[in-house]
>>> print(open('structure04.txt').read())   # compact mmCIF, C-alpha atoms
# COMPACT_ATOMS: atom_id res chain seq x y z
CA MET A 1 3.63 -179.65 23.13
CA ASN A 2 7.34 -179.21 22.45
CA TYR A 3 10.21 -179.99 24.82
CA LEU A 4 13.59 -181.71 25.05
CA VAL A 5 14.64 -184.61 27.28
CA LEU A 6 18.29 -184.63 28.33
CA ASP A 7 20.61 -187.02 30.16
CA LEU A 8 24.34 -186.96 30.94
CA GLU A 9 27.15 -189.25 32.08
CA THR A 10 30.25 -187.99 33.88
CA ALA A 11 33.84 -189.19 34.05
CA ASN A 12 34.22 -188.81 37.82
CA PRO A 13 32.32 -187.54 40.90
CA ASP A 14 32.75 -183.93 39.73
CA CYS A 15 29.49 -183.34 37.90
CA ALA A 16 31.23 -180.90 35.53
CA SER A 17 33.21 -183.82 34.04
CA ILE A 18 30.58 -184.56 31.37
CA CYS A 19 31.63 -187.39 29.05
CA GLN A 20 28.35 -188.13 27.24
CA ILE A 21 25.13 -186.30 26.46
CA GLY A 22 21.90 -187.70 25.09
CA ILE A 23 18.97 -185.57 23.92
CA VAL A 24 15.47 -186.43 22.71
CA LYS A 25 13.58 -183.73 20.80
CA VAL A 26 9.79 -183.88 21.12
CA GLU A 27 7.51 -181.79 18.90
CA ASN A 28 3.72 -181.94 19.12
CA GLY A 29 4.04 -184.94 21.41
CA GLU A 30 6.14 -186.98 18.99
CA THR A 31 9.87 -187.71 19.03
CA THR A 32 11.37 -185.96 16.02
CA ALA A 33 15.11 -186.35 16.70
CA THR A 34 17.62 -188.03 18.98
CA ILE A 35 21.15 -186.76 19.57
CA SER A 36 24.09 -188.46 21.26
CA HIS A 37 27.64 -187.21 21.73
CA LEU A 38 30.67 -188.54 23.53
CA ILE A 39 32.56 -185.65 25.13
CA ASP A 40 36.17 -185.29 26.18
CA PRO A 41 35.80 -184.19 29.84
CA GLN A 42 39.41 -182.96 29.91
CA ASP A 43 39.57 -184.66 33.28
CA SER A 44 40.39 -188.03 34.78
CA PHE A 45 38.04 -191.03 34.66
CA ASP A 46 37.10 -192.60 37.97
CA HIS A 47 36.98 -196.40 38.22
CA TRP A 48 33.47 -196.36 39.68
CA ASN A 49 32.07 -194.12 36.96
CA ILE A 50 33.56 -196.37 34.28
CA LYS A 51 31.96 -199.34 36.03
CA VAL A 52 28.56 -197.62 35.81
CA HIS A 53 28.52 -196.39 32.20
CA GLY A 54 31.42 -198.26 30.54
CA ILE A 55 32.92 -195.14 28.94
CA GLN A 56 36.72 -195.19 29.14
CA PRO A 57 39.38 -192.58 28.31
CA HIS A 58 40.17 -194.09 24.90
CA HIS A 59 36.49 -193.81 23.91
CA VAL A 60 36.63 -189.98 24.03
CA VAL A 61 39.95 -189.47 22.26
CA GLY A 62 39.32 -186.97 19.46
CA CYS A 63 35.84 -186.10 20.76
CA PRO A 64 34.91 -182.45 21.36
CA SER A 65 35.16 -180.94 24.82
CA PHE A 66 32.06 -179.46 26.45
CA CYS A 67 33.10 -175.92 25.52
CA GLU A 68 33.59 -176.99 21.89
CA LEU A 69 30.25 -178.82 21.68
CA LEU A 70 28.03 -176.35 23.54
CA PRO A 71 27.90 -173.72 20.75
CA GLU A 72 26.51 -176.42 18.46
CA LEU A 73 23.84 -177.35 21.04
CA ILE A 74 22.85 -173.84 22.17
CA PRO A 75 20.40 -173.23 19.26
CA LEU A 76 18.65 -176.47 20.24
CA LEU A 77 18.64 -175.93 24.03
CA GLU A 78 18.06 -172.25 24.67
CA GLY A 79 14.51 -171.10 25.29
CA GLN A 80 13.24 -174.68 25.53
CA ILE A 81 11.67 -176.76 28.28
CA ILE A 82 14.33 -179.35 29.15
CA VAL A 83 13.15 -182.44 31.02
CA THR A 84 15.67 -184.37 33.14
CA HIS A 85 15.18 -187.26 35.54
CA GLY A 86 16.39 -185.56 38.73
CA SER A 87 18.40 -182.38 39.18
CA PHE A 88 21.86 -183.87 38.51
CA ASP A 89 21.92 -183.13 34.78
CA ARG A 90 20.84 -179.50 35.20
CA VAL A 91 23.47 -178.93 37.89
CA ALA A 92 26.11 -180.67 35.74
CA ILE A 93 25.39 -178.39 32.78
CA THR A 94 25.57 -175.36 35.08
CA LYS A 95 28.87 -176.42 36.61
CA ALA A 96 30.39 -177.32 33.24
CA CYS A 97 29.51 -173.81 32.02
CA GLN A 98 31.22 -172.43 35.13
CA LYS A 99 34.27 -174.61 34.52
CA TYR A 100 34.80 -173.18 31.05
CA GLY A 101 33.66 -169.63 31.82
CA LEU A 102 30.62 -169.96 29.57
CA PRO A 103 27.26 -168.24 30.10
CA ALA A 104 24.56 -170.42 31.63
CA VAL A 105 22.13 -172.18 29.28
CA GLU A 106 18.95 -170.09 29.20
CA ALA A 107 16.24 -172.76 29.38
CA THR A 108 13.38 -173.91 31.61
CA TRP A 109 14.35 -177.07 33.47
CA LEU A 110 11.67 -179.57 34.48
CA ASP A 111 12.42 -182.44 36.87
CA ASN A 112 10.70 -185.64 35.76
CA GLN A 113 11.15 -187.19 39.22
CA THR A 114 8.95 -184.47 40.69
CA VAL A 115 6.40 -184.93 37.90
CA VAL A 116 6.30 -188.68 38.56
CA ARG A 117 6.01 -188.24 42.33
CA ARG A 118 3.07 -185.87 41.94
CA THR A 119 1.36 -187.94 39.24
CA TRP A 120 1.39 -191.43 40.79
CA PRO A 121 0.82 -191.75 44.57
CA GLN A 122 2.72 -195.04 44.74
CA PHE A 123 5.89 -193.20 43.68
CA SER A 124 5.45 -190.12 45.86
CA ARG A 125 7.99 -191.25 48.46
CA LYS A 126 10.02 -194.04 46.89
CA GLY A 127 10.52 -196.10 43.75
CA TYR A 128 10.93 -193.13 41.38
CA SER A 129 14.44 -194.02 40.16
CA LEU A 130 14.67 -194.33 36.38
CA GLY A 131 15.51 -198.03 36.53
CA ASN A 132 12.58 -198.88 38.79
CA LEU A 133 10.12 -196.82 36.74
CA ALA A 134 11.29 -198.38 33.48
CA ASN A 135 10.82 -201.83 35.00
CA HIS A 136 7.35 -200.89 36.27
CA PHE A 137 6.21 -199.60 32.88
CA GLY A 138 7.90 -202.37 30.88
CA ILE A 139 10.42 -200.09 29.15
CA GLU A 140 13.54 -201.89 27.96
CA PHE A 141 16.70 -199.80 27.75
CA GLN A 142 20.46 -199.85 28.34
CA HIS A 143 20.73 -198.03 31.64
CA HIS A 144 23.51 -195.41 31.98
CA ASP A 145 23.87 -194.80 28.27
CA ALA A 146 22.93 -191.11 28.09
CA LEU A 147 20.70 -191.39 25.02
CA GLU A 148 19.05 -194.61 26.22
CA ASP A 149 18.33 -192.95 29.57
CA ALA A 150 16.92 -189.88 27.81
CA ILE A 151 14.66 -192.06 25.66
CA ALA A 152 13.41 -193.97 28.73
CA THR A 153 12.79 -190.68 30.55
CA ALA A 154 10.86 -189.39 27.54
CA HIS A 155 8.61 -192.48 27.59
CA ILE A 156 7.90 -192.08 31.31
CA PHE A 157 7.32 -188.32 31.02
CA ARG A 158 4.90 -188.87 28.14
CA ARG A 159 2.95 -191.34 30.30
CA ALA A 160 2.89 -188.82 33.15
CA LEU A 161 1.52 -186.13 30.83
CA ALA A 162 -1.26 -188.46 29.70
CA GLU A 163 -2.04 -189.60 33.26
CA SER A 164 -2.06 -186.09 34.73
CA GLY A 165 -3.78 -184.38 31.81
CA ARG A 166 -1.17 -181.61 31.91
CA THR A 167 1.14 -180.34 29.21
CA ALA A 168 4.85 -179.77 29.83
CA SER A 169 4.19 -176.02 30.11
CA GLU A 170 1.43 -176.61 32.65
CA TRP A 171 3.81 -178.74 34.71
CA VAL A 172 6.35 -175.92 34.68
CA SER A 173 3.67 -173.60 36.10
CA ALA A 174 2.51 -176.23 38.61
CA MET A 175 6.02 -176.57 40.02
CA GLY A 176 5.65 -173.12 41.52
CA GLN A 177 2.68 -174.28 43.60
CA ARG A 178 2.88 -175.82 47.03
CA SER A 179 2.89 -179.60 47.36
CA PRO A 180 0.79 -181.09 50.19
CA HIS A 181 3.96 -182.81 51.47
CA GLN A 182 5.99 -179.59 51.81
CA GLY A 183 6.63 -177.71 55.01
CA ALA A 184 5.49 -174.12 55.41
CA ILE A 185 6.46 -172.07 52.38
CA LEU A 186 8.42 -168.94 53.19
CA GLN A 187 8.65 -167.68 49.63
CA HIS A 188 7.48 -169.00 46.27
CA GLY A 189 9.99 -169.17 43.45
CA SER A 190 9.72 -167.45 40.11
CA VAL A 191 8.18 -169.92 37.64
CA SER A 192 10.47 -168.57 34.91
CA GLY A 193 13.68 -169.04 36.93
CA PRO A 194 16.25 -171.73 36.06
CA PHE A 195 15.52 -173.55 39.33
CA ALA A 196 11.72 -173.45 39.06
CA GLY A 197 10.17 -176.50 40.68
CA LYS A 198 13.04 -176.91 43.17
CA THR A 199 12.67 -176.34 46.90
CA VAL A 200 15.50 -175.10 49.12
CA VAL A 201 15.74 -175.03 52.90
CA PHE A 202 18.35 -172.97 54.77
CA THR A 203 20.01 -174.01 58.02
CA GLY A 204 22.74 -172.59 60.26
CA ARG A 205 24.18 -169.10 60.55
CA MET A 206 24.69 -167.59 57.12
CA GLN A 207 26.79 -164.74 55.74
CA ILE A 208 23.63 -162.80 54.80
CA THR A 209 20.18 -162.59 56.38
CA ARG A 210 17.72 -165.42 55.76
CA LYS A 211 15.34 -162.88 54.23
CA GLU A 212 17.94 -161.84 51.66
CA ALA A 213 18.94 -165.46 51.02
CA ALA A 214 15.30 -166.37 50.38
CA ARG A 215 14.87 -163.39 48.06
CA ARG A 216 17.89 -164.33 45.94
CA ALA A 217 16.90 -168.01 45.77
CA ALA A 218 13.27 -167.25 44.88
CA ALA A 219 14.29 -164.84 42.12
CA LEU A 220 16.00 -167.75 40.37
CA GLY A 221 13.09 -170.14 40.82
CA PHE A 222 13.68 -171.86 44.16
CA THR A 223 10.69 -172.18 46.46
CA VAL A 224 11.98 -171.54 49.98
CA ALA A 225 10.54 -173.80 52.68
CA ALA A 226 10.89 -173.68 56.44
CA ALA A 227 11.58 -177.36 57.05
CA VAL A 228 13.14 -180.36 55.32
CA SER A 229 10.57 -182.70 53.75
CA PRO A 230 10.46 -185.38 51.03
CA THR A 231 9.92 -182.62 48.45
CA THR A 232 13.05 -180.70 49.47
CA SER A 233 15.53 -180.52 46.60
CA LEU A 234 18.43 -178.87 48.39
CA LEU A 235 19.53 -178.05 51.94
CA CYS A 236 21.87 -175.04 52.13
CA VAL A 237 24.12 -175.16 55.21
CA GLY A 238 25.50 -171.85 56.48
CA ASP A 239 29.27 -171.36 56.44
CA ASP A 240 29.55 -170.89 60.22
CA ARG A 241 33.01 -171.99 61.32
CA ASN A 242 32.02 -171.86 64.99
CA ARG A 243 29.09 -174.24 64.78
CA VAL A 244 29.30 -177.52 66.68
CA GLY A 245 27.57 -180.63 65.37
CA LYS A 246 24.80 -180.92 62.80
CA SER A 247 21.48 -179.14 62.87
CA SER A 248 18.20 -181.04 63.05
CA LYS A 249 17.56 -180.07 59.42
CA GLU A 250 20.86 -181.67 58.37
CA ARG A 251 19.97 -184.85 60.25
CA ASP A 252 16.50 -184.88 58.65
CA ALA A 253 18.06 -184.47 55.19
CA GLU A 254 20.53 -187.28 55.83
CA ARG A 255 17.72 -189.60 56.94
CA LEU A 256 15.78 -188.84 53.77
CA LEU A 257 18.90 -189.41 51.67
CA LEU A 258 19.34 -192.84 53.24
CA ALA A 259 15.69 -193.56 52.42
CA GLY A 260 16.37 -192.81 48.76
CA HIS A 261 15.14 -189.22 48.42
CA PRO A 262 17.31 -187.15 46.02
CA ILE A 263 18.19 -184.28 48.36
CA SER A 264 21.42 -182.33 47.87
CA ILE A 265 23.23 -180.98 50.95
CA MET A 266 25.36 -178.01 49.97
CA ALA A 267 27.54 -175.52 51.85
CA GLU A 268 26.45 -171.88 51.61
CA HIS A 269 29.39 -170.80 49.44
CA GLU A 270 28.69 -173.65 47.01
CA PHE A 271 25.03 -172.63 46.84
CA TRP A 272 25.84 -169.03 45.92
CA ARG A 273 28.35 -170.24 43.35
CA LEU A 274 25.62 -172.38 41.79
CA LEU A 275 23.21 -169.44 41.67
CA SER A 276 25.81 -167.07 40.27
CA ALA A 277 26.09 -169.22 37.16
>>> encode(input="structure04.txt", output="structure tokens")
Amino acid sequence: MNYLVLDLETANPDCASICQIGIVKVENGETTATISHLIDPQDSFDHWNIKVHGIQPHHVVGCPSFCELLPELIPLLEGQIIVTHGSFDRVAITKACQKYGLPAVEATWLDNQTVVRRTWPQFSRKGYSLGNLANHFGIEFQHHDALEDAIATAHIFRRALAESGRTASEWVSAMGQRSPHQGAILQHGSVSGPFAGKTVVFTGRMQITRKEAARRAAALGFTVAAAVSPTTSLLCVGDDRNRVGKSSKERDAERLLLAGHPISIMAEHEFWRLLSA
């Protein structure tokens, strides 16, 4: 049962501005290594991000940039199951690769939030933030330090594996199956795709047919659903300049966001850019 657990911090709201990475290596169910790097984001630091993680510009002076560090990490990351708490870290890695013109990291990404929500009924709709889960399970850690967050995620994921009786590989396969809380499934995603376990819903008039959009998304792992639900990972909004007001799906997604569900709302052109990486 081998996998990695990864967490990132960013310098500003642009998720490509990675300034710290923490990785936990698990082999045969045991932690065998921990890795932490400060990274020069080659970008500005936002006041609010500094307030969250405490990393300031002078802390990364002389540190490698993402494009300098990635070749060192590729032998560790590629071909592995990488566990993250939420989709932010996977998207950040993808966008940082885009920023520097680097090929995408070829790995299988597994969202620990989804694992937790499917393992414990009390966390299926709320309370699955890393801080709340750590408090519930009595895990002490320094929140928003990338390595500390990765270690806490590893502890929670290990508990979920024991509780569910599934291995990490079995969870990867299970992510391609329909959840009882999902809307009607239009197309199941490839379990080997980089977005396996994620569910996308399309809304609005798009530049291509919905059938073609669903085909492209499913080929890269997205399960395509007909309606927004608590298990929706991403709502893709068509780039229709003539549309007036928000669709019912957008309003549903915004209500779930306010309730604490980690749904991303993304314009169509941004969605295709993400997939093209």
>>> closest_residue(input="structure04.txt", among="A:Ala107, A:Ala152, A:Leu130, A:Val228", to="Arg255 of chain A", atoms="only C-alpha atoms")
A:Val228
>>> closest_residue(input="structure04.txt", among="A:Gly22, A:Pro71, A:Gly79, A:Pro230", to="Ile263 of chain A", atoms="all atoms listed in the file")
A:Pro230
>>> atom_distance(input="structure04.txt", atom1="atom CA of Val26 of chain A", atom2="atom CA of Asp111 of chain A")
16.0 Å
>>> atom_distance(input="structure04.txt", atom1="atom CA of Tyr128 of chain A", atom2="atom CA of Phe157 of chain A")
12.0 Å
>>> closest_atom_pairs(input="structure04.txt", of="segment 88-179 of chain A", to="segment 44-68 of chain A", cutoff="12 Å", atoms="all atoms listed in the file", output="JSON lines")
{"residue": "A:Ala92", "atom": "CA", "partner": "A:Phe66", "partner_atom": "CA", "distance": 11.1}
{"residue": "A:Ile93", "atom": "CA", "partner": "A:Phe66", "partner_atom": "CA", "distance": 9.3}
{"residue": "A:Thr94", "atom": "CA", "partner": "A:Phe66", "partner_atom": "CA", "distance": 11.6}
{"residue": "A:Lys95", "atom": "CA", "partner": "A:Phe66", "partner_atom": "CA", "distance": 11.1}
{"residue": "A:Ala96", "atom": "CA", "partner": "A:Phe66", "partner_atom": "CA", "distance": 7.3}
{"residue": "A:Cys97", "atom": "CA", "partner": "A:Cys67", "partner_atom": "CA", "distance": 7.7}
{"residue": "A:Gln98", "atom": "CA", "partner": "A:Cys67", "partner_atom": "CA", "distance": 10.4}
{"residue": "A:Lys99", "atom": "CA", "partner": "A:Cys67", "partner_atom": "CA", "distance": 9.2}
{"residue": "A:Tyr100", "atom": "CA", "partner": "A:Cys67", "partner_atom": "CA", "distance": 6.4}
{"residue": "A:Gly101", "atom": "CA", "partner": "A:Cys67", "partner_atom": "CA", "distance": 8.9}
{"residue": "A:Leu102", "atom": "CA", "partner": "A:Cys67", "partner_atom": "CA", "distance": 7.6}
{"residue": "A:Pro103", "atom": "CA", "partner": "A:Cys67", "partner_atom": "CA", "distance": 10.7}
{"residue": "A:Ala104", "atom": "CA", "partner": "A:Cys67", "partner_atom": "CA", "distance": 11.9}
{"residue": "A:Gln142", "atom": "CA", "partner": "A:His53", "partner_atom": "CA", "distance": 9.6}
{"residue": "A:His143", "atom": "CA", "partner": "A:His53", "partner_atom": "CA", "distance": 8.0}
{"residue": "A:His144", "atom": "CA", "partner": "A:His53", "partner_atom": "CA", "distance": 5.1}
{"residue": "A:Asp145", "atom": "CA", "partner": "A:His53", "partner_atom": "CA", "distance": 6.3}
{"residue": "A:Ala146", "atom": "CA", "partner": "A:His53", "partner_atom": "CA", "distance": 8.7}
{"residue": "A:Leu147", "atom": "CA", "partner": "A:His53", "partner_atom": "CA", "distance": 11.7}
{"residue": "A:Glu148", "atom": "CA", "partner": "A:His53", "partner_atom": "CA", "distance": 11.3}
{"residue": "A:Asp149", "atom": "CA", "partner": "A:His53", "partner_atom": "CA", "distance": 11.1}
>>> residues_around(input="structure04.txt", residues="Ala168 of chain A", least_positions_apart="6", cutoff="8 Å", atoms="all atoms listed in the file", output="ChimeraX atom specification")
/A:1-3,81,161
>>> atom_distance(input="structure04.txt", atom1="atom CA of Ser87 of chain A", atom2="atom CA of Arg166 of chain A")
20.9 Å
>>> closest_residue(input="structure04.txt", among="A:Asn28, A:Asn12, A:Gln80, A:Thr231", to="Gln113 of chain A", atoms="only C-alpha atoms")
A:Thr231
>>> residues_around(input="structure04.txt", residues="His155 of chain A", least_positions_apart="3", cutoff="10 Å", atoms="all atoms listed in the file", output="number ranges by chain")
A: 5, 31, 134, 137, 139, 149-152, 158-160
>>> closest_residue(input="structure04.txt", among="A:Thr32, A:Thr232, A:Ser190, A:Ser164", to="Arg216 of chain A", atoms="only C-alpha atoms")
A:Ser190
>>> closest_residue(input="structure04.txt", among="A:Lys246, A:Ser169, A:Leu6, A:Pro262", to="Arg117 of chain A", atoms="only C-alpha atoms")
A:Pro262
>>> closest_residue(input="structure04.txt", among="A:His261, A:His85, A:Arg210, A:His269", to="Gly127 of chain A", atoms="all atoms listed in the file")
A:His261
>>> residues_around(input="structure04.txt", residues="Ser264 of chain A", least_positions_apart="3", cutoff="7 Å", atoms="only C-alpha atoms", output="ChimeraX atom specification")
/A:233-235
>>> residues_around(input="structure04.txt", residues="Ala217 of chain A", least_positions_apart="5", cutoff="8 Å", atoms="all atoms listed in the file", output="MDAnalysis selection string")
chainID A and resid 189 200 222:224 275
>>> residues_around(input="structure04.txt", residues="Glu106 of chain A", least_positions_apart="3", cutoff="8 Å", atoms="only C-alpha atoms", output="ChimeraX atom specification")
/A:77-79,194
